file protein22.cif (mmCIF, C-alpha atoms)
data_run
loop_
_atom_site.group_PDB
_atom_site.id
_atom_site.type_symbol
_atom_site.label_atom_id
_atom_site.label_comp_id
_atom_site.auth_asym_id
_atom_site.auth_seq_id
_atom_site.Cartn_x
_atom_site.Cartn_y
_atom_site.Cartn_z
ATOM 1 C CA MET A 411 -2.718 -174.352 -23.531
ATOM 2 C CA ASP A 412 -6.431 -175.148 -23.462
ATOM 3 C CA ASN A 413 -8.445 -172.190 -22.273
ATOM 4 C CA VAL A 414 -12.207 -172.250 -22.712
ATOM 5 C CA PHE A 415 -14.484 -169.251 -23.058
ATOM 6 C CA GLN A 416 -18.086 -170.364 -22.557
ATOM 7 C CA ASP A 417 -20.236 -168.137 -24.729
ATOM 8 C CA ASP A 418 -23.996 -168.247 -24.233
ATOM 9 C CA GLN A 419 -24.697 -168.050 -27.957
ATOM 10 C CA TYR A 420 -21.777 -169.855 -29.617
ATOM 11 C CA GLY A 421 -20.826 -172.488 -27.047
ATOM 12 C CA ASP A 422 -17.373 -173.449 -25.807
ATOM 13 C CA ILE A 423 -14.553 -171.588 -27.553
ATOM 14 C CA HIS A 424 -11.177 -173.264 -27.059
ATOM 15 C CA TYR A 425 -8.054 -171.171 -27.447
ATOM 16 C CA ASN A 426 -4.368 -170.944 -26.588
ATOM 17 C CA ALA A 427 -3.264 -167.668 -25.019
ATOM 18 C CA TYR A 428 -0.075 -165.745 -24.368
ATOM 19 C CA ILE A 429 -0.364 -162.913 -21.863
ATOM 20 C CA PRO A 430 2.854 -161.069 -20.942
ATOM 21 C CA LYS A 431 4.048 -162.059 -17.470
ATOM 22 C CA ALA A 432 4.331 -158.412 -16.531
ATOM 23 C CA TYR A 433 0.752 -157.673 -17.616
ATOM 24 C CA ASP A 434 -0.424 -154.522 -15.847
ATOM 25 C CA LYS A 435 -4.080 -153.595 -16.239
ATOM 26 C CA ARG A 436 -3.101 -149.931 -15.862
ATOM 27 C CA GLN A 437 -1.285 -150.107 -19.214
ATOM 28 C CA SER A 438 -2.822 -150.742 -22.616
ATOM 29 C CA TYR A 439 -1.757 -153.728 -24.724
ATOM 30 C CA ALA A 440 -2.024 -154.762 -28.342
ATOM 31 C CA LEU A 441 -4.055 -157.862 -29.203
ATOM 32 C CA TYR A 442 -3.212 -160.367 -31.943
ATOM 33 C CA ILE A 443 -5.416 -163.268 -33.003
ATOM 34 C CA THR A 444 -3.976 -165.986 -35.244
ATOM 35 C CA LEU A 445 -6.473 -168.354 -36.861
ATOM 36 C CA PRO A 446 -5.056 -171.782 -37.730
ATOM 37 C CA GLY A 447 -5.486 -174.143 -40.612
ATOM 38 C CA TYR A 448 -6.604 -177.770 -40.473
ATOM 39 C CA GLN A 449 -4.209 -178.760 -37.682
ATOM 40 C CA GLY A 450 -5.746 -176.125 -35.445
ATOM 41 C CA LEU A 451 -9.308 -177.448 -35.463
ATOM 42 C CA TYR A 452 -10.149 -178.548 -31.951
ATOM 43 C CA PHE A 453 -10.832 -182.210 -32.781
ATOM 44 C CA GLN A 454 -7.136 -182.544 -33.735
ATOM 45 C CA GLY A 455 -6.187 -182.174 -30.080
ATOM 46 C CA VAL A 456 -5.052 -179.448 -27.739
ATOM 47 C CA GLY A 457 -2.228 -177.267 -29.029
ATOM 48 C CA LYS A 458 -1.780 -178.968 -32.404
ATOM 49 C CA ASN A 459 -1.828 -175.589 -34.119
ATOM 50 C CA LEU A 460 1.170 -174.530 -32.036
ATOM 51 C CA GLU A 461 3.151 -177.530 -33.256
ATOM 52 C CA THR A 462 2.823 -176.577 -36.905
ATOM 53 C CA GLU A 463 2.274 -172.801 -37.056
ATOM 54 C CA GLU A 464 4.623 -170.100 -35.809
ATOM 55 C CA PHE A 465 2.542 -166.942 -36.211
ATOM 56 C CA GLY A 466 1.752 -166.643 -32.507
ATOM 57 C CA PHE A 467 5.357 -167.126 -31.444
ATOM 58 C CA VAL A 468 6.934 -164.861 -34.073
ATOM 59 C CA SER A 469 4.454 -162.069 -33.368
ATOM 60 C CA GLN A 470 6.052 -161.491 -29.961
ATOM 61 C CA ASN A 471 9.172 -160.192 -31.730
ATOM 62 C CA TYR A 472 7.188 -157.228 -33.043
ATOM 63 C CA ASN A 473 5.536 -156.057 -29.829
ATOM 64 C CA ALA A 474 6.380 -157.281 -26.343
ATOM 65 C CA GLN A 475 3.300 -155.491 -25.011
ATOM 66 C CA MET A 476 0.861 -157.736 -26.844
ATOM 67 C CA ILE A 477 -1.612 -160.443 -25.896
ATOM 68 C CA VAL A 478 -1.707 -163.316 -28.397
ATOM 69 C CA LEU A 479 -4.668 -165.637 -28.922
ATOM 70 C CA ALA A 480 -4.682 -168.786 -31.050
ATOM 71 C CA PRO A 481 -8.244 -170.137 -31.186
ATOM 72 C CA GLN A 482 -8.843 -173.828 -31.816
ATOM 73 C CA LEU A 483 -12.098 -173.679 -33.688
ATOM 74 C CA GLU A 484 -14.774 -176.104 -34.860
ATOM 75 C CA ASP A 485 -14.888 -175.339 -38.582
ATOM 76 C CA TRP A 486 -13.800 -172.832 -41.244
ATOM 77 C CA ASP A 487 -17.200 -171.220 -41.590
ATOM 78 C CA GLU A 488 -19.434 -168.651 -39.934
ATOM 79 C CA LEU A 489 -19.664 -170.498 -36.607
ATOM 80 C CA SER A 490 -15.935 -170.150 -36.035
ATOM 81 C CA ALA A 491 -16.064 -166.572 -37.308
ATOM 82 C CA ASN A 492 -18.729 -165.725 -34.739
ATOM 83 C CA GLN A 493 -16.775 -167.537 -32.030
ATOM 84 C CA THR A 494 -13.670 -165.501 -32.860
ATOM 85 C CA ILE A 495 -15.619 -162.251 -32.796
ATOM 86 C CA ALA A 496 -17.089 -163.206 -29.411
ATOM 87 C CA LEU A 497 -13.623 -164.051 -28.078
ATOM 88 C CA THR A 498 -12.245 -160.747 -29.365
ATOM 89 C CA LYS A 499 -15.010 -158.808 -27.628
ATOM 90 C CA TYR A 500 -14.425 -160.731 -24.400
ATOM 91 C CA PHE A 501 -10.767 -159.696 -24.315
ATOM 92 C CA LEU A 502 -11.592 -156.119 -25.270
ATOM 93 C CA LYS A 503 -13.969 -155.987 -22.320
ATOM 94 C CA HIS A 504 -11.859 -157.757 -19.685
ATOM 95 C CA TYR A 505 -8.318 -156.629 -20.572
ATOM 96 C CA ASN A 506 -6.829 -153.207 -21.167
ATOM 97 C CA ILE A 507 -6.518 -153.406 -24.951
ATOM 98 C CA ASP A 508 -5.654 -150.521 -27.266
ATOM 99 C CA LYS A 509 -8.498 -150.783 -29.787
ATOM 100 C CA ASN A 510 -6.236 -149.276 -32.447
ATOM 101 C CA LYS A 511 -3.838 -152.196 -32.082
ATOM 102 C CA VAL A 512 -6.034 -155.248 -32.610
ATOM 103 C CA TYR A 513 -4.584 -157.448 -35.351
ATOM 104 C CA ILE A 514 -5.744 -160.692 -36.914
ATOM 105 C CA SER A 515 -4.410 -163.252 -39.381
ATOM 106 C CA GLY A 516 -5.619 -166.510 -40.859
ATOM 107 C CA TYR A 517 -3.710 -169.294 -42.551
ATOM 108 C CA SER A 518 -5.351 -171.784 -44.931
ATOM 109 C CA GLY A 519 -8.792 -172.667 -43.517
ATOM 110 C CA GLY A 520 -8.229 -170.025 -40.873
ATOM 111 C CA GLY A 521 -8.153 -167.511 -43.694
ATOM 112 C CA GLU A 522 -11.597 -168.657 -44.796
ATOM 113 C CA THR A 523 -12.811 -168.067 -41.236
ATOM 114 C CA LEU A 524 -11.127 -164.670 -41.315
ATOM 115 C CA SER A 525 -13.011 -163.726 -44.481
ATOM 116 C CA TRP A 526 -16.300 -164.271 -42.640
ATOM 117 C CA ILE A 527 -15.073 -162.258 -39.656
ATOM 118 C CA LEU A 528 -14.217 -159.349 -41.943
ATOM 119 C CA THR A 529 -17.525 -159.751 -43.746
ATOM 120 C CA ASN A 530 -19.395 -159.308 -40.460
ATOM 121 C CA GLU A 531 -17.392 -157.061 -38.094
ATOM 122 C CA PRO A 532 -14.196 -155.711 -39.696
ATOM 123 C CA GLU A 533 -14.311 -152.627 -37.484
ATOM 124 C CA LEU A 534 -12.942 -154.676 -34.571
ATOM 125 C CA TYR A 535 -9.548 -155.074 -36.270
ATOM 126 C CA ARG A 536 -6.828 -152.616 -37.243
ATOM 127 C CA ALA A 537 -5.488 -154.828 -40.027
ATOM 128 C CA ALA A 538 -5.810 -158.362 -41.370
ATOM 129 C CA LEU A 539 -3.357 -160.800 -42.943
ATOM 130 C CA MET A 540 -4.694 -163.638 -45.107
ATOM 131 C CA CYS A 541 -2.233 -166.431 -45.943
ATOM 132 C CA SER A 542 -2.639 -169.306 -48.411
ATOM 133 C CA SER A 543 -6.419 -169.287 -48.426
ATOM 134 C CA LYS A 544 -9.515 -167.973 -50.217
ATOM 135 C CA TRP A 545 -12.235 -165.423 -49.531
ATOM 136 C CA ASP A 546 -15.695 -166.836 -48.766
ATOM 137 C CA GLY A 547 -17.665 -163.761 -47.711
ATOM 138 C CA ASN A 548 -18.163 -160.303 -49.227
ATOM 139 C CA PHE A 549 -16.330 -156.975 -49.056
ATOM 140 C CA ASN A 550 -19.127 -154.512 -48.330
ATOM 141 C CA LYS A 551 -18.267 -153.754 -44.695
ATOM 142 C CA VAL A 552 -14.519 -154.042 -45.311
ATOM 143 C CA VAL A 553 -14.719 -151.285 -47.910
ATOM 144 C CA LYS A 554 -17.018 -149.155 -45.757
ATOM 145 C CA ASN A 555 -14.651 -149.515 -42.784
ATOM 146 C CA LYS A 556 -11.466 -149.336 -44.916
ATOM 147 C CA THR A 557 -9.885 -152.266 -43.065
ATOM 148 C CA PRO A 558 -6.390 -152.927 -44.497
ATOM 149 C CA ILE A 559 -5.902 -156.465 -45.866
ATOM 150 C CA TYR A 560 -2.754 -158.236 -47.048
ATOM 151 C CA PHE A 561 -3.253 -161.302 -49.289
ATOM 152 C CA VAL A 562 -0.231 -163.595 -49.645
ATOM 153 C CA ILE A 563 -0.070 -166.978 -51.384
ATOM 154 C CA GLY A 564 2.175 -169.107 -53.561
ATOM 155 C CA GLU A 565 1.584 -168.837 -57.300
ATOM 156 C CA GLU A 566 1.251 -172.626 -57.442
ATOM 157 C CA ASP A 567 -0.395 -173.203 -54.065
ATOM 158 C CA GLU A 568 -1.395 -176.850 -54.354
ATOM 159 C CA TYR A 569 -4.542 -176.558 -52.225
ATOM 160 C CA TYR A 570 -6.246 -173.332 -53.323
ATOM 161 C CA GLY A 571 -4.218 -172.089 -56.253
ATOM 162 C CA SER A 572 -3.589 -168.347 -56.448
ATOM 163 C CA THR A 573 -6.636 -167.474 -58.574
ATOM 164 C CA PRO A 574 -9.115 -166.979 -55.663
ATOM 165 C CA PHE A 575 -6.878 -164.367 -54.049
ATOM 166 C CA LYS A 576 -6.315 -162.625 -57.370
ATOM 167 C CA GLU A 577 -10.051 -162.448 -57.943
ATOM 168 C CA ALA A 578 -10.712 -161.230 -54.394
ATOM 169 C CA TYR A 579 -8.101 -158.507 -54.823
ATOM 170 C CA GLN A 580 -9.671 -157.314 -58.073
ATOM 171 C CA GLN A 581 -13.121 -157.240 -56.493
ATOM 172 C CA ILE A 582 -12.070 -155.126 -53.538
ATOM 173 C CA VAL A 583 -10.040 -152.784 -55.756
ATOM 174 C CA SER A 584 -13.085 -152.295 -57.970
ATOM 175 C CA LEU A 585 -15.238 -151.448 -54.961
ATOM 176 C CA TYR A 586 -12.717 -148.918 -53.679
ATOM 177 C CA LYS A 587 -12.574 -147.274 -57.105
ATOM 178 C CA LYS A 588 -16.356 -146.949 -57.042
ATOM 179 C CA GLU A 589 -15.920 -145.162 -53.714
ATOM 180 C CA GLY A 590 -13.672 -142.644 -55.464
ATOM 181 C CA LEU A 591 -10.296 -143.809 -54.108
ATOM 182 C CA ASN A 592 -7.258 -143.537 -56.377
ATOM 183 C CA GLN A 593 -4.719 -146.328 -56.814
ATOM 184 C CA GLU A 594 -2.268 -144.843 -54.319
ATOM 185 C CA GLU A 595 -4.977 -144.779 -51.647
ATOM 186 C CA ILE A 596 -6.083 -148.309 -52.531
ATOM 187 C CA ASP A 597 -2.515 -149.570 -52.231
ATOM 188 C CA GLN A 598 -2.560 -148.510 -48.591
ATOM 189 C CA LEU A 599 -5.650 -150.637 -47.950
ATOM 190 C CA VAL A 600 -5.167 -153.849 -49.916
ATOM 191 C CA ILE A 601 -2.077 -155.739 -51.055
ATOM 192 C CA LEU A 602 -1.832 -158.817 -53.255
ATOM 193 C CA ASP A 603 1.462 -160.670 -52.809
ATOM 194 C CA VAL A 604 1.743 -163.766 -54.996
ATOM 195 C CA LYS A 605 5.034 -165.531 -54.367
ATOM 196 C CA ASN A 606 6.742 -167.265 -57.275
ATOM 197 C CA LYS A 607 8.302 -170.693 -57.094
ATOM 198 C CA GLU A 608 11.775 -169.328 -56.401
ATOM 199 C CA TYR A 609 10.578 -167.695 -53.165
ATOM 200 C CA PHE A 610 9.961 -171.196 -51.812
ATOM 201 C CA THR A 611 12.741 -173.217 -53.457
ATOM 202 C CA SER A 612 15.389 -170.665 -52.450
ATOM 203 C CA GLN A 613 14.451 -171.464 -48.852
ATOM 204 C CA GLY A 614 14.443 -175.222 -49.368
ATOM 205 C CA ILE A 615 10.663 -175.561 -49.687
ATOM 206 C CA THR A 616 8.811 -177.314 -52.498
ATOM 207 C CA ASN A 617 5.322 -177.475 -50.959
ATOM 208 C CA GLU A 618 3.881 -173.971 -51.355
ATOM 209 C CA HIS A 619 0.792 -174.539 -49.236
ATOM 210 C CA GLY A 620 1.786 -176.855 -46.427
ATOM 211 C CA TYR A 621 5.041 -175.049 -45.682
ATOM 212 C CA GLY A 622 4.138 -171.673 -47.119
ATOM 213 C CA GLY A 623 2.616 -170.559 -43.836
ATOM 214 C CA HIS A 624 5.919 -171.261 -42.090
ATOM 215 C CA LEU A 625 7.759 -168.979 -44.501
ATOM 216 C CA PHE A 626 5.154 -166.236 -44.330
ATOM 217 C CA ALA A 627 5.220 -166.226 -40.521
ATOM 218 C CA ASN A 628 8.973 -165.643 -40.646
ATOM 219 C CA ASP A 629 8.879 -163.051 -43.427
ATOM 220 C CA GLU A 630 9.639 -159.705 -41.776
ATOM 221 C CA HIS A 631 8.095 -157.736 -44.614
ATOM 222 C CA ILE A 632 4.763 -159.557 -44.344
ATOM 223 C CA MET A 633 4.529 -159.658 -40.562
ATOM 224 C CA GLY A 634 5.942 -156.171 -40.245
ATOM 225 C CA TRP A 635 3.156 -154.848 -42.483
ATOM 226 C CA LEU A 636 0.570 -156.259 -40.069
ATOM 227 C CA PHE A 637 2.029 -154.970 -36.825
ATOM 228 C CA ASN A 638 3.181 -151.594 -38.104
ATOM 229 C CA ARG A 639 -0.246 -150.426 -39.189
#
call {"tool": "encode", "arguments": {"input": "protein22.cif", "output": "structure tokens"}}
result
Amino acid sequence: MDNVFQDDQYGDIHYNAYIPKAYDKRQSYALYITLPGYQGLYFQGVGKNLETEEFGFVSQNYNAQMIVLAPQLEDWDELSANQTIALTKYFLKHYNIDKNKVYISGYSGGGETLSWILTNEPELYRAALMCSSKWDGNFNKVVKNKTPIYFVIGEEDEYYGSTPFKEAYQQIVSLYKKEGLNQEEIDQLVILDVKNKEYFTSQGITNEHGYGGHLFANDEHIMGWLFNR
């Protein structure tokens, strides 16, 4: 539940981990990192992110040969982004990981952290899923590396609203067009999925932000996009 990686530069990095019981270092494994929202910040207590977010559990349905990490970070900014990058590199070095199957997602504040990760070292990840959040960094390296990104949020998300994701999508599309990509090629690299009110109410949910992450984690189309890249 409470593992600690002591990094010389970024301090103690707390994280939850799932490693398949039959882990065999002679075989390669996928790696999935799920970055939590407010509940997952370390001061909330050990494992609080696992009580409220299902991404790490659901992910095991898509690939049994996958290591899953759920960091419990200190903030939603560049410190946590750097800690996550350091943790990723540690596992790439010490476990037999297929570098073409390293996936990452961020929900709410975890999505803000994810935006900084992708601003700095997107080449570490095969694909990224951003849920109910906003983009804080820039897209220069993402576009250069062509890292696929899926943005998903409720139209009336009560914390962020959907406008920040819409603006981020337009910015990255514009950059890809400047690189000479056509719309069909761009559609393979960035997706904007804004869910209307009925998506939530039809599943008995009225709070698009607080419970939206629960629905997205259990949406086979969304999660399947991430793990089938």
call {"tool": "closest_residue", "arguments": {"input": "protein22.cif", "among": "A:Phe626, A:Tyr609, A:Tyr570, A:Tyr560", "to": "A:Asp597", "atoms": "only C-alpha atoms"}}
result
A:Tyr560
call {"tool": "closest_residue", "arguments": {"input": "protein22.cif", "among": "A:Ile596, A:Val478, A:Ile514, A:Leu602", "to": "A:Pro574", "atoms": "only C-alpha atoms"}}
result
A:Leu602
call {"tool": "atom_distance", "arguments": {"input": "protein22.cif", "atom1": "atom CA of A:Thr611", "atom2": "atom CA of A:Ala627"}}
result
16.5 Å
call {"tool": "closest_residue", "arguments": {"input": "protein22.cif", "among": "A:Tyr448, A:Tyr586, A:Tyr428, A:Tyr517", "to": "A:His624", "atoms": "all atoms listed in the file"}}
result
A:Tyr517
call {"tool": "axis_aligned_box", "arguments": {"input": "protein22.cif", "around": "stretch 485-491 of chain A", "padding_each_side": "3 Å", "output": "JSON"}}
result
{"center_x": -16.7, "center_y": -171.0, "center_z": -38.8, "size_x": 11.9, "size_y": 14.8, "size_z": 11.6}
call {"tool": "residues_around", "arguments": {"input": "protein22.cif", "residues": "stretch 492-503 of chain A", "least_positions_apart": "5", "cutoff": "12 Å", "atoms": "only C-alpha atoms", "output": "compact mmCIF listing (two decimals) with C-alpha atoms, in the coordinates of the input"}}
result
# COMPACT_ATOMS: atom_id res chain seq x y z
CA ASN A 413 -8.44 -172.19 -22.27
CA VAL A 414 -12.21 -172.25 -22.71
CA PHE A 415 -14.48 -169.25 -23.06
CA GLN A 416 -18.09 -170.36 -22.56
CA ASP A 417 -20.24 -168.14 -24.73
CA ASP A 418 -24.00 -168.25 -24.23
CA GLN A 419 -24.70 -168.05 -27.96
CA TYR A 420 -21.78 -169.86 -29.62
CA GLY A 421 -20.83 -172.49 -27.05
CA ASP A 422 -17.37 -173.45 -25.81
CA ILE A 423 -14.55 -171.59 -27.55
CA HIS A 424 -11.18 -173.26 -27.06
CA TYR A 425 -8.05 -171.17 -27.45
CA ASN A 426 -4.37 -170.94 -26.59
CA ALA A 427 -3.26 -167.67 -25.02
CA ILE A 429 -0.36 -162.91 -21.86
CA LYS A 435 -4.08 -153.60 -16.24
CA SER A 438 -2.82 -150.74 -22.62
CA TYR A 439 -1.76 -153.73 -24.72
CA ALA A 440 -2.02 -154.76 -28.34
CA LEU A 441 -4.06 -157.86 -29.20
CA TYR A 442 -3.21 -160.37 -31.94
CA ILE A 443 -5.42 -163.27 -33.00
CA THR A 444 -3.98 -165.99 -35.24
CA LEU A 445 -6.47 -168.35 -36.86
CA PRO A 446 -5.06 -171.78 -37.73
CA ILE A 477 -1.61 -160.44 -25.90
CA VAL A 478 -1.71 -163.32 -28.40
CA LEU A 479 -4.67 -165.64 -28.92
CA ALA A 480 -4.68 -168.79 -31.05
CA PRO A 481 -8.24 -170.14 -31.19
CA GLN A 482 -8.84 -173.83 -31.82
CA LEU A 483 -12.10 -173.68 -33.69
CA GLU A 484 -14.77 -176.10 -34.86
CA ASP A 485 -14.89 -175.34 -38.58
CA TRP A 486 -13.80 -172.83 -41.24
CA ASP A 487 -17.20 -171.22 -41.59
CA ASP A 508 -5.65 -150.52 -27.27
CA LYS A 509 -8.50 -150.78 -29.79
CA ASN A 510 -6.24 -149.28 -32.45
CA LYS A 511 -3.84 -152.20 -32.08
CA VAL A 512 -6.03 -155.25 -32.61
CA TYR A 513 -4.58 -157.45 -35.35
CA ILE A 514 -5.74 -160.69 -36.91
CA SER A 515 -4.41 -163.25 -39.38
CA GLY A 516 -5.62 -166.51 -40.86
CA GLY A 520 -8.23 -170.02 -40.87
CA THR A 523 -12.81 -168.07 -41.24
CA LEU A 524 -11.13 -164.67 -41.32
CA SER A 525 -13.01 -163.73 -44.48
CA TRP A 526 -16.30 -164.27 -42.64
CA ILE A 527 -15.07 -162.26 -39.66
CA LEU A 528 -14.22 -159.35 -41.94
CA THR A 529 -17.52 -159.75 -43.75
CA ASN A 530 -19.40 -159.31 -40.46
CA GLU A 531 -17.39 -157.06 -38.09
CA PRO A 532 -14.20 -155.71 -39.70
CA GLU A 533 -14.31 -152.63 -37.48
CA LEU A 534 -12.94 -154.68 -34.57
CA TYR A 535 -9.55 -155.07 -36.27
call {"tool": "resolve_selection", "arguments": {"input": "protein22.cif", "expression": "the PyMOL selection byres ((chain A and resi 603) around 6)", "output": "list of chain:residue names"}}
result
A:Phe561, A:Val562, A:Leu602, A:Val604
call {"tool": "atom_distance", "arguments": {"input": "protein22.cif", "atom1": "atom CA of A:Ala474", "atom2": "atom CA of A:Ile507"}}
result
13.5 Å
call {"tool": "atom_distance", "arguments": {"input": "protein22.cif", "atom1": "atom CA of A:Phe549", "atom2": "atom CA of A:Gln581"}}
result
8.1 Å
call {"tool": "residues_around", "arguments": {"input": "protein22.cif", "residues": "A:Gln613", "least_positions_apart": "3", "cutoff": "12 Å", "atoms": "only C-alpha atoms", "output": "list in words"}}
result
Lys607, Glu608, Tyr609, Phe610, Thr616, Asn617, Glu618, Tyr621, Gly622, His624, Leu625, Phe626, Asn628 and Asp629 of chain A
call {"tool": "resolve_selection", "arguments": {"input": "protein22.cif", "expression": "the PyMOL selection byres ((chain A and resi 583) around 10)", "output": "list of chain:residue names"}}
result
A:Val553, A:Glu577, A:Ala578, A:Tyr579, A:Gln580, A:Gln581, A:Ile582, A:Ser584, A:Leu585, A:Tyr586, A:Lys587, A:Lys588, A:Glu589, A:Leu591, A:Asn592, A:Gln593, A:Ile596, A:Asp597, A:Leu599, A:Val600, A:Ile601
call {"tool": "residues_around", "arguments": {"input": "protein22.cif", "residues": "A:Ala537", "least_positions_apart": "4", "cutoff": "7 Å", "atoms": "all atoms listed in the file", "output": "PyMOL selection string"}}
result
chain A and resi 513-514+557-559+636+639
